[in-house]
>>> print(open('coords-v4.txt').read())   # compact mmCIF, N, CA, C and O atoms
# COMPACT_ATOMS: atom_id res chain seq x y z
N MET A 155 158.84 130.50 -8.83
CA MET A 155 159.60 131.54 -8.17
C MET A 155 160.04 131.09 -6.78
O MET A 155 161.17 131.32 -6.39
N ASP A 156 159.15 130.45 -6.03
CA ASP A 156 159.50 129.97 -4.69
C ASP A 156 160.60 128.92 -4.75
O ASP A 156 161.47 128.88 -3.89
N ASN A 157 160.55 128.07 -5.79
CA ASN A 157 161.56 127.03 -5.93
C ASN A 157 162.94 127.65 -6.15
O ASN A 157 163.92 127.22 -5.56
N GLN A 158 163.00 128.69 -6.99
CA GLN A 158 164.27 129.37 -7.23
C GLN A 158 164.77 130.02 -5.94
O GLN A 158 165.96 129.97 -5.64
N ARG A 159 163.88 130.60 -5.20
CA ARG A 159 164.27 131.23 -3.93
C ARG A 159 164.84 130.19 -2.97
O ARG A 159 165.84 130.44 -2.30
N GLU A 160 164.21 129.04 -2.91
CA GLU A 160 164.70 127.96 -2.04
C GLU A 160 166.09 127.50 -2.47
O GLU A 160 166.95 127.25 -1.61
N ILE A 161 166.30 127.39 -3.77
CA ILE A 161 167.61 126.97 -4.28
C ILE A 161 168.67 127.99 -3.89
O ILE A 161 169.76 127.63 -3.43
N ILE A 162 168.36 129.26 -4.05
CA ILE A 162 169.31 130.32 -3.71
C ILE A 162 169.58 130.33 -2.21
O ILE A 162 170.74 130.46 -1.78
N GLU A 163 168.55 130.17 -1.41
CA GLU A 163 168.74 130.12 0.05
C GLU A 163 169.63 128.95 0.44
O GLU A 163 170.51 129.10 1.29
N GLU A 164 169.42 127.81 -0.17
CA GLU A 164 170.24 126.63 0.12
C GLU A 164 171.69 126.88 -0.31
O GLU A 164 172.62 126.52 0.42
N PHE A 165 171.87 127.51 -1.46
CA PHE A 165 173.21 127.86 -1.93
C PHE A 165 173.90 128.78 -0.93
O PHE A 165 175.08 128.59 -0.61
N LEU A 166 173.19 129.76 -0.42
CA LEU A 166 173.78 130.70 0.54
C LEU A 166 174.17 130.00 1.84
O LEU A 166 175.25 130.26 2.39
N ILE A 167 173.34 129.10 2.31
CA ILE A 167 173.65 128.36 3.53
C ILE A 167 174.88 127.49 3.32
O ILE A 167 175.82 127.51 4.12
N GLU A 168 174.88 126.71 2.24
CA GLU A 168 176.01 125.82 1.97
C GLU A 168 177.29 126.60 1.70
O GLU A 168 178.37 126.20 2.14
N SER A 169 177.17 127.69 0.97
CA SER A 169 178.35 128.50 0.67
C SER A 169 178.93 129.12 1.93
O SER A 169 180.15 129.19 2.09
N ASN A 170 178.08 129.55 2.82
CA ASN A 170 178.54 130.13 4.08
C ASN A 170 179.34 129.09 4.87
O ASN A 170 180.40 129.39 5.42
N GLU A 171 178.84 127.87 4.90
CA GLU A 171 179.56 126.79 5.58
C GLU A 171 180.89 126.50 4.88
O GLU A 171 181.92 126.30 5.53
N SER A 172 180.86 126.48 3.56
CA SER A 172 182.09 126.22 2.79
C SER A 172 183.11 127.33 3.00
O SER A 172 184.31 127.06 3.13
N LEU A 173 182.65 128.57 3.06
CA LEU A 173 183.56 129.69 3.25
C LEU A 173 184.21 129.65 4.62
O LEU A 173 185.40 129.97 4.77
N ALA A 174 183.46 129.24 5.62
CA ALA A 174 184.04 129.11 6.97
C ALA A 174 185.13 128.05 6.96
O ALA A 174 186.20 128.23 7.55
N GLN A 175 184.88 126.94 6.27
CA GLN A 175 185.88 125.87 6.17
C GLN A 175 187.08 126.34 5.35
O GLN A 175 188.23 126.06 5.69
N LEU A 176 186.83 127.07 4.26
CA LEU A 176 187.92 127.57 3.43
C LEU A 176 188.84 128.48 4.22
O LEU A 176 190.06 128.45 4.05
N ASP A 177 188.27 129.29 5.07
CA ASP A 177 189.07 130.19 5.90
C ASP A 177 190.07 129.39 6.73
O ASP A 177 191.26 129.70 6.77
N GLN A 178 189.59 128.33 7.35
CA GLN A 178 190.46 127.46 8.15
C GLN A 178 191.47 126.73 7.27
O GLN A 178 192.63 126.58 7.62
N ASP A 179 190.99 126.28 6.10
CA ASP A 179 191.87 125.53 5.20
C ASP A 179 193.01 126.40 4.66
O ASP A 179 194.13 125.92 4.52
N PHE A 180 192.73 127.66 4.36
CA PHE A 180 193.78 128.54 3.86
C PHE A 180 194.83 128.80 4.94
O PHE A 180 196.03 128.88 4.64
N VAL A 181 194.40 128.93 6.17
CA VAL A 181 195.35 129.11 7.27
C VAL A 181 196.23 127.87 7.38
O VAL A 181 197.45 127.96 7.50
N ALA A 182 195.62 126.69 7.29
CA ALA A 182 196.38 125.44 7.34
C ALA A 182 197.31 125.31 6.14
O ALA A 182 198.46 124.87 6.28
N LEU A 183 196.83 125.73 4.97
CA LEU A 183 197.66 125.63 3.76
C LEU A 183 198.87 126.54 3.85
O LEU A 183 199.95 126.18 3.37
N GLU A 184 198.71 127.67 4.48
CA GLU A 184 199.85 128.58 4.63
C GLU A 184 200.94 127.93 5.49
O GLU A 184 202.12 128.14 5.26
N LYS A 185 200.52 127.11 6.44
CA LYS A 185 201.48 126.40 7.29
C LYS A 185 202.05 125.17 6.60
O LYS A 185 203.16 124.74 6.90
N ARG A 186 201.25 124.60 5.67
CA ARG A 186 201.66 123.39 4.95
C ARG A 186 201.46 123.61 3.44
O ARG A 186 200.60 122.98 2.82
N PRO A 187 202.25 124.49 2.82
CA PRO A 187 202.01 124.86 1.42
C PRO A 187 202.19 123.71 0.42
O PRO A 187 201.71 123.82 -0.71
N ASN A 188 202.80 122.64 0.83
CA ASN A 188 203.00 121.51 -0.08
C ASN A 188 201.99 120.39 0.13
O ASN A 188 202.13 119.31 -0.44
N ASP A 189 200.97 120.64 0.94
CA ASP A 189 199.95 119.64 1.23
C ASP A 189 198.98 119.55 0.04
O ASP A 189 198.02 120.32 -0.06
N GLN A 190 199.25 118.62 -0.85
CA GLN A 190 198.46 118.48 -2.07
C GLN A 190 197.01 118.06 -1.78
O GLN A 190 196.10 118.47 -2.50
N GLU A 191 196.82 117.27 -0.77
CA GLU A 191 195.46 116.84 -0.42
C GLU A 191 194.62 118.04 0.03
O GLU A 191 193.47 118.20 -0.39
N LEU A 192 195.20 118.87 0.86
CA LEU A 192 194.50 120.07 1.33
C LEU A 192 194.24 121.03 0.17
O LEU A 192 193.14 121.57 0.03
N LEU A 193 195.23 121.22 -0.67
CA LEU A 193 195.08 122.10 -1.83
C LEU A 193 193.98 121.58 -2.77
O LEU A 193 193.16 122.35 -3.26
N SER A 194 193.94 120.28 -2.97
CA SER A 194 192.89 119.68 -3.81
C SER A 194 191.51 119.87 -3.20
O SER A 194 190.53 120.13 -3.91
N SER A 195 191.42 119.76 -1.89
CA SER A 195 190.15 119.96 -1.20
C SER A 195 189.66 121.41 -1.37
O SER A 195 188.48 121.65 -1.64
N ILE A 196 190.57 122.35 -1.21
CA ILE A 196 190.23 123.77 -1.40
C ILE A 196 189.77 123.99 -2.83
O ILE A 196 188.75 124.65 -3.08
N PHE A 197 190.51 123.43 -3.78
CA PHE A 197 190.16 123.57 -5.20
C PHE A 197 188.75 123.04 -5.47
O PHE A 197 187.96 123.68 -6.15
N ARG A 198 188.45 121.86 -4.95
CA ARG A 198 187.12 121.25 -5.17
C ARG A 198 186.01 122.12 -4.60
O ARG A 198 184.95 122.28 -5.22
N THR A 199 186.25 122.70 -3.43
CA THR A 199 185.24 123.57 -2.82
C THR A 199 184.98 124.78 -3.69
O THR A 199 183.83 125.14 -3.97
N ILE A 200 186.06 125.42 -4.16
CA ILE A 200 185.93 126.59 -5.03
C ILE A 200 185.26 126.20 -6.34
O ILE A 200 184.40 126.92 -6.85
N HIS A 201 185.64 125.06 -6.88
CA HIS A 201 185.06 124.58 -8.13
C HIS A 201 183.55 124.37 -7.99
O HIS A 201 182.78 124.72 -8.89
N THR A 202 183.14 123.82 -6.87
CA THR A 202 181.71 123.60 -6.62
C THR A 202 180.96 124.92 -6.54
O THR A 202 179.89 125.07 -7.15
N ILE A 203 181.51 125.87 -5.81
CA ILE A 203 180.86 127.18 -5.70
C ILE A 203 180.76 127.82 -7.08
O ILE A 203 179.71 128.37 -7.45
N LYS A 204 181.84 127.73 -7.86
CA LYS A 204 181.84 128.30 -9.22
C LYS A 204 180.74 127.66 -10.07
O LYS A 204 180.01 128.35 -10.78
N GLY A 205 180.62 126.35 -9.99
CA GLY A 205 179.62 125.65 -10.79
C GLY A 205 178.20 126.06 -10.43
O GLY A 205 177.37 126.28 -11.32
N VAL A 206 177.92 126.18 -9.16
CA VAL A 206 176.58 126.58 -8.73
C VAL A 206 176.32 128.03 -9.15
O VAL A 206 175.20 128.37 -9.56
N CYS A 207 177.33 128.88 -9.07
CA CYS A 207 177.17 130.26 -9.53
C CYS A 207 176.78 130.29 -11.00
O CYS A 207 175.91 131.08 -11.40
N GLY A 208 177.41 129.45 -11.80
CA GLY A 208 177.07 129.38 -13.21
C GLY A 208 175.63 128.92 -13.41
O GLY A 208 174.89 129.47 -14.23
N PHE A 209 175.23 127.92 -12.65
CA PHE A 209 173.87 127.39 -12.74
C PHE A 209 172.84 128.45 -12.38
O PHE A 209 171.80 128.57 -13.00
N LEU A 210 173.15 129.24 -11.35
CA LEU A 210 172.21 130.26 -10.87
C LEU A 210 172.32 131.59 -11.62
O LEU A 210 171.53 132.49 -11.39
N GLY A 211 173.31 131.70 -12.49
CA GLY A 211 173.47 132.93 -13.26
C GLY A 211 174.15 134.05 -12.49
O GLY A 211 174.02 135.22 -12.84
N PHE A 212 174.90 133.70 -11.46
CA PHE A 212 175.65 134.70 -10.68
C PHE A 212 176.99 134.93 -11.37
O PHE A 212 178.03 134.42 -10.96
N THR A 213 176.96 135.71 -12.44
CA THR A 213 178.14 135.85 -13.30
C THR A 213 179.32 136.53 -12.61
O THR A 213 180.46 136.12 -12.81
N THR A 214 179.08 137.53 -11.80
CA THR A 214 180.19 138.22 -11.14
C THR A 214 180.88 137.30 -10.15
O THR A 214 182.11 137.15 -10.17
N LEU A 215 180.11 136.65 -9.31
CA LEU A 215 180.69 135.72 -8.34
C LEU A 215 181.33 134.54 -9.06
O LEU A 215 182.38 134.05 -8.66
N GLY A 216 180.72 134.11 -10.15
CA GLY A 216 181.29 133.03 -10.94
C GLY A 216 182.65 133.41 -11.51
O GLY A 216 183.58 132.60 -11.53
N ALA A 217 182.78 134.66 -11.97
CA ALA A 217 184.06 135.13 -12.52
C ALA A 217 185.13 135.20 -11.43
O ALA A 217 186.28 134.82 -11.66
N VAL A 218 184.75 135.65 -10.25
CA VAL A 218 185.71 135.73 -9.13
C VAL A 218 186.18 134.33 -8.74
O VAL A 218 187.37 134.09 -8.56
N THR A 219 185.24 133.41 -8.62
CA THR A 219 185.62 132.05 -8.24
C THR A 219 186.44 131.38 -9.34
O THR A 219 187.33 130.58 -9.05
N HIS A 220 186.16 131.73 -10.58
CA HIS A 220 186.95 131.18 -11.69
C HIS A 220 188.41 131.63 -11.59
O HIS A 220 189.32 130.83 -11.78
N ARG A 221 188.62 132.90 -11.27
CA ARG A 221 189.99 133.41 -11.11
C ARG A 221 190.70 132.72 -9.94
O ARG A 221 191.86 132.35 -10.04
N ALA A 222 189.99 132.57 -8.83
CA ALA A 222 190.58 131.89 -7.67
C ALA A 222 190.90 130.44 -8.03
O ALA A 222 191.96 129.92 -7.66
N GLU A 223 190.01 129.80 -8.75
CA GLU A 223 190.23 128.43 -9.17
C GLU A 223 191.48 128.33 -10.07
O GLU A 223 192.27 127.39 -9.94
N SER A 224 191.67 129.30 -10.93
CA SER A 224 192.84 129.31 -11.81
C SER A 224 194.14 129.42 -11.00
O SER A 224 195.12 128.72 -11.28
N ILE A 225 194.13 130.28 -10.00
CA ILE A 225 195.31 130.42 -9.13
C ILE A 225 195.57 129.12 -8.39
O ILE A 225 196.71 128.65 -8.30
N LEU A 226 194.52 128.52 -7.86
CA LEU A 226 194.67 127.26 -7.14
C LEU A 226 195.17 126.15 -8.07
O LEU A 226 195.98 125.32 -7.66
N SER A 227 194.73 126.16 -9.29
CA SER A 227 195.20 125.19 -10.26
C SER A 227 196.70 125.36 -10.52
O SER A 227 197.45 124.38 -10.61
N GLN A 228 197.14 126.61 -10.63
CA GLN A 228 198.57 126.89 -10.81
C GLN A 228 199.38 126.41 -9.60
O GLN A 228 200.47 125.85 -9.76
N LEU A 229 198.84 126.60 -8.42
CA LEU A 229 199.52 126.11 -7.21
C LEU A 229 199.58 124.59 -7.21
O LEU A 229 200.62 124.00 -6.92
N ARG A 230 198.47 123.99 -7.55
CA ARG A 230 198.38 122.53 -7.55
C ARG A 230 199.33 121.90 -8.56
O ARG A 230 199.92 120.86 -8.31
N ASP A 231 199.48 122.59 -9.71
CA ASP A 231 200.35 122.08 -10.78
C ASP A 231 201.82 122.44 -10.58
O ASP A 231 202.67 122.04 -11.38
N GLY A 232 202.11 123.22 -9.54
CA GLY A 232 203.49 123.61 -9.27
C GLY A 232 203.98 124.77 -10.12
O GLY A 232 205.17 125.07 -10.13
N ASP A 233 203.09 125.44 -10.82
CA ASP A 233 203.46 126.57 -11.66
C ASP A 233 203.59 127.87 -10.86
O ASP A 233 204.08 128.87 -11.39
N ARG A 234 203.16 127.83 -9.65
CA ARG A 234 203.17 129.01 -8.78
C ARG A 234 203.44 128.55 -7.37
O ARG A 234 203.01 127.46 -6.97
N LYS A 235 204.10 129.37 -6.58
CA LYS A 235 204.37 129.08 -5.17
C LYS A 235 203.42 129.88 -4.30
O LYS A 235 203.12 131.04 -4.59
N LEU A 236 202.98 129.27 -3.21
CA LEU A 236 202.11 129.96 -2.27
C LEU A 236 202.93 130.94 -1.44
O LEU A 236 203.94 130.57 -0.85
N THR A 237 202.49 132.17 -1.41
CA THR A 237 203.11 133.20 -0.59
C THR A 237 202.05 133.75 0.35
O THR A 237 200.85 133.52 0.15
N HIS A 238 202.50 134.49 1.33
CA HIS A 238 201.55 135.13 2.25
C HIS A 238 200.63 136.07 1.48
O HIS A 238 199.42 136.11 1.72
N GLU A 239 201.20 136.81 0.54
CA GLU A 239 200.41 137.77 -0.25
C GLU A 239 199.37 137.06 -1.11
O GLU A 239 198.23 137.52 -1.24
N LEU A 240 199.75 135.93 -1.69
CA LEU A 240 198.81 135.18 -2.51
C LEU A 240 197.70 134.58 -1.65
O LEU A 240 196.53 134.58 -2.05
N THR A 241 198.06 134.12 -0.46
CA THR A 241 197.04 133.62 0.46
C THR A 241 196.06 134.73 0.81
O THR A 241 194.84 134.52 0.81
N ASP A 242 196.58 135.91 1.12
CA ASP A 242 195.71 137.05 1.42
C ASP A 242 194.78 137.36 0.25
O ASP A 242 193.59 137.63 0.44
N LEU A 243 195.33 137.34 -0.96
CA LEU A 243 194.52 137.61 -2.15
C LEU A 243 193.40 136.59 -2.29
O LEU A 243 192.24 136.95 -2.53
N LEU A 244 193.72 135.32 -2.10
CA LEU A 244 192.69 134.28 -2.20
C LEU A 244 191.64 134.46 -1.11
O LEU A 244 190.43 134.29 -1.38
N LEU A 245 192.06 134.78 0.08
CA LEU A 245 191.10 135.00 1.17
C LEU A 245 190.20 136.20 0.88
O LEU A 245 189.02 136.21 1.23
N GLU A 246 190.75 137.23 0.26
CA GLU A 246 189.95 138.42 -0.07
C GLU A 246 188.87 138.14 -1.11
O GLU A 246 187.88 138.85 -1.16
N THR A 247 189.07 137.11 -1.91
CA THR A 247 188.07 136.81 -2.93
C THR A 247 186.78 136.28 -2.32
O THR A 247 185.74 136.27 -2.96
N PHE A 248 186.89 135.85 -1.05
CA PHE A 248 185.73 135.30 -0.40
C PHE A 248 185.36 136.06 0.82
O PHE A 248 184.47 135.95 1.48
>>> encode(input="coords-v4.txt", output="structure tokens")
Amino acid sequence: MDNQREIIEEFLIESNESLAQLDQDFVALEKRPNDQELLSSIFRTIHTIKGVCGFLGFTTLGAVTHRAESILSQLRDGDRKLTHELTDLLLETF
């Protein structure tokens, strides 16, 4: 039980740091919507959070991150354009 608690605490610490970085990255992405490197970095961060959520059984958070990841994938593939409203939506997920 203590080991699981430690894992969850570590996840919360790392996720908090990732979310702070994501906040900055989304602001930068809004200024540079065609920056594929930045978009890929954001995608990887969300993908990592989603994976850990799955490992820990956090199904609701995992579902939210999965949806955000899908939107980011569409942006990355050029199937969708980044708008202010879409940026707001992505920021609200976190």
>>> atom_distance(input="coords-v4.txt", atom1="atom C of Lys235 (chain A)", atom2="atom C of Ile196 (chain A)")
14.9 Å
>>> atom_distance(input="coords-v4.txt", atom1="CA of Glu168 (chain A)", atom2="CA of Phe197 (chain A)")
16.0 Å
>>> atom_distance(input="coords-v4.txt", atom1="atom C of Arg234 (chain A)", atom2="CA of Leu176 (chain A)")
18.9 Å
>>> closest_residue(input="coords-v4.txt", among="A:His238, A:Arg186, A:His201, A:Arg159", to="Ser172 (chain A)", atoms="only C-alpha atoms")
A:His201
>>> residues_around(input="coords-v4.txt", residues="region 214-224 of chain A", least_positions_apart="6", cutoff="7 Å", atoms="only N, CA, C and O atoms", output="NGL selection string")
:A and (197 or 200-201 or 203-205 or 207-208 or 230 or 244 or 247)
>>> closest_residue(input="coords-v4.txt", among="A:Leu173, A:Leu229, A:Phe212, A:Glu164", to="Thr199 (chain A)", atoms="all atoms listed in the file")
A:Leu173
>>> closest_residue(input="coords-v4.txt", among="A:Ile225, A:Leu236, A:Gln158, A:Thr213", to="Asn188 (chain A)", atoms="only N, CA, C and O atoms")
A:Leu236
>>> select_by_dssp(input="coords-v4.txt", residues="region 164-236 of chain A", states="helix (DSSP H, G or I)", output="number ranges by chain")
A: 164-185, 190-210, 213-230
>>> axis_aligned_box(input="coords-v4.txt", around="region 195-203 of chain A", padding_each_side="6 Å", output="AutoDock Vina command-line options")
--center_x 185.6 --center_y 124.1 --center_z -5.0 --size_x 23.7 --size_y 20.6 --size_z 19.7
>>> decode(input="coords-v4.txt", residues="region 183-224 of chain A", atoms="N, CA and C atoms", output="tab-separated table (two decimals), in the first residue's frame")
chain	number	residue	atom	x	y	z
A	183	LEU	N	2.57	27.81	-28.51
A	183	LEU	CA	1.99	27.19	-29.71
A	183	LEU	C	0.96	28.10	-30.35
A	184	GLU	N	0.24	28.83	-29.56
A	184	GLU	CA	-0.75	29.75	-30.12
A	184	GLU	C	-0.06	30.83	-30.94
A	185	LYS	N	1.15	31.21	-30.53
A	185	LYS	CA	1.92	32.21	-31.28
A	185	LYS	C	2.61	31.60	-32.49
A	186	ARG	N	2.92	30.28	-32.39
A	186	ARG	CA	3.62	29.58	-33.46
A	186	ARG	C	2.86	28.28	-33.80
A	187	PRO	N	1.66	28.38	-34.36
A	187	PRO	CA	0.82	27.19	-34.57
A	187	PRO	C	1.40	26.16	-35.53
A	188	ASN	N	2.39	26.53	-36.29
A	188	ASN	CA	3.00	25.58	-37.23
A	188	ASN	C	4.29	24.97	-36.71
A	189	ASP	N	4.61	25.20	-35.45
A	189	ASP	CA	5.83	24.68	-34.85
A	189	ASP	C	5.64	23.19	-34.53
A	190	GLN	N	6.05	22.35	-35.45
A	190	GLN	CA	5.85	20.90	-35.30
A	190	GLN	C	6.65	20.32	-34.13
A	191	GLU	N	7.80	20.87	-33.87
A	191	GLU	CA	8.61	20.37	-32.75
A	191	GLU	C	7.91	20.64	-31.42
A	192	LEU	N	7.38	21.83	-31.27
A	192	LEU	CA	6.65	22.18	-30.06
A	192	LEU	C	5.38	21.34	-29.93
A	193	LEU	N	4.66	21.17	-31.01
A	193	LEU	CA	3.45	20.36	-31.01
A	193	LEU	C	3.76	18.91	-30.64
A	194	SER	N	4.85	18.39	-31.17
A	194	SER	CA	5.27	17.02	-30.83
A	194	SER	C	5.64	16.89	-29.36
A	195	SER	N	6.28	17.91	-28.82
A	195	SER	CA	6.64	17.90	-27.41
A	195	SER	C	5.39	17.89	-26.52
A	196	ILE	N	4.42	18.72	-26.87
A	196	ILE	CA	3.16	18.76	-26.13
A	196	ILE	C	2.48	17.39	-26.21
A	197	PHE	N	2.44	16.83	-27.41
A	197	PHE	CA	1.82	15.51	-27.61
A	197	PHE	C	2.49	14.46	-26.73
A	198	ARG	N	3.82	14.44	-26.71
A	198	ARG	CA	4.54	13.44	-25.90
A	198	ARG	C	4.23	13.59	-24.42
A	199	THR	N	4.14	14.83	-23.95
A	199	THR	CA	3.82	15.06	-22.54
A	199	THR	C	2.44	14.52	-22.21
A	200	ILE	N	1.46	14.83	-23.06
A	200	ILE	CA	0.09	14.34	-22.84
A	200	ILE	C	0.06	12.82	-22.93
A	201	HIS	N	0.78	12.27	-23.88
A	201	HIS	CA	0.82	10.81	-24.06
A	201	HIS	C	1.39	10.14	-22.81
A	202	THR	N	2.42	10.72	-22.24
A	202	THR	CA	3.02	10.17	-21.02
A	202	THR	C	2.03	10.20	-19.87
A	203	ILE	N	1.36	11.32	-19.68
A	203	ILE	CA	0.37	11.43	-18.61
A	203	ILE	C	-0.73	10.40	-18.81
A	204	LYS	N	-1.19	10.26	-20.06
A	204	LYS	CA	-2.24	9.28	-20.37
A	204	LYS	C	-1.78	7.87	-20.01
A	205	GLY	N	-0.56	7.53	-20.37
A	205	GLY	CA	-0.04	6.20	-20.09
A	205	GLY	C	0.04	5.90	-18.61
A	206	VAL	N	0.50	6.85	-17.84
A	206	VAL	CA	0.60	6.64	-16.39
A	206	VAL	C	-0.81	6.54	-15.79
A	207	CYS	N	-1.74	7.32	-16.30
A	207	CYS	CA	-3.13	7.22	-15.82
A	207	CYS	C	-3.66	5.81	-16.05
A	208	GLY	N	-3.37	5.25	-17.20
A	208	GLY	CA	-3.80	3.88	-17.48
A	208	GLY	C	-3.16	2.89	-16.53
A	209	PHE	N	-1.88	3.06	-16.27
A	209	PHE	CA	-1.16	2.19	-15.35
A	209	PHE	C	-1.74	2.25	-13.94
A	210	LEU	N	-2.10	3.46	-13.52
A	210	LEU	CA	-2.61	3.66	-12.16
A	210	LEU	C	-4.12	3.43	-12.04
A	211	GLY	N	-4.78	3.22	-13.17
A	211	GLY	CA	-6.22	2.98	-13.14
A	211	GLY	C	-7.05	4.24	-13.00
A	212	PHE	N	-6.49	5.38	-13.36
A	212	PHE	CA	-7.22	6.65	-13.32
A	212	PHE	C	-7.99	6.80	-14.63
A	213	THR	N	-9.11	6.10	-14.73
A	213	THR	CA	-9.82	6.00	-16.00
A	213	THR	C	-10.40	7.33	-16.48
A	214	THR	N	-10.92	8.14	-15.59
A	214	THR	CA	-11.51	9.41	-16.01
A	214	THR	C	-10.43	10.34	-16.55
A	215	LEU	N	-9.36	10.49	-15.82
A	215	LEU	CA	-8.26	11.34	-16.29
A	215	LEU	C	-7.63	10.76	-17.55
A	216	GLY	N	-7.56	9.44	-17.62
A	216	GLY	CA	-7.03	8.79	-18.81
A	216	GLY	C	-7.89	9.08	-20.03
A	217	ALA	N	-9.21	9.09	-19.85
A	217	ALA	CA	-10.12	9.38	-20.97
A	217	ALA	C	-9.97	10.83	-21.42
A	218	VAL	N	-9.82	11.75	-20.48
A	218	VAL	CA	-9.65	13.16	-20.82
A	218	VAL	C	-8.34	13.36	-21.59
A	219	THR	N	-7.28	12.77	-21.10
A	219	THR	CA	-5.99	12.93	-21.78
A	219	THR	C	-6.01	12.24	-23.15
A	220	HIS	N	-6.77	11.16	-23.26
A	220	HIS	CA	-6.88	10.49	-24.56
A	220	HIS	C	-7.55	11.41	-25.58
A	221	ARG	N	-8.60	12.10	-25.16
A	221	ARG	CA	-9.28	13.05	-26.07
A	221	ARG	C	-8.35	14.19	-26.47
A	222	ALA	N	-7.62	14.72	-25.50
A	222	ALA	CA	-6.67	15.80	-25.80
A	222	ALA	C	-5.59	15.29	-26.76
A	223	GLU	N	-5.12	14.09	-26.52
A	223	GLU	CA	-4.11	13.49	-27.39
A	223	GLU	C	-4.65	13.34	-28.82
A	224	SER	N	-5.90	12.96	-28.95
A	224	SER	CA	-6.52	12.82	-30.27
A	224	SER	C	-6.56	14.16	-31.01
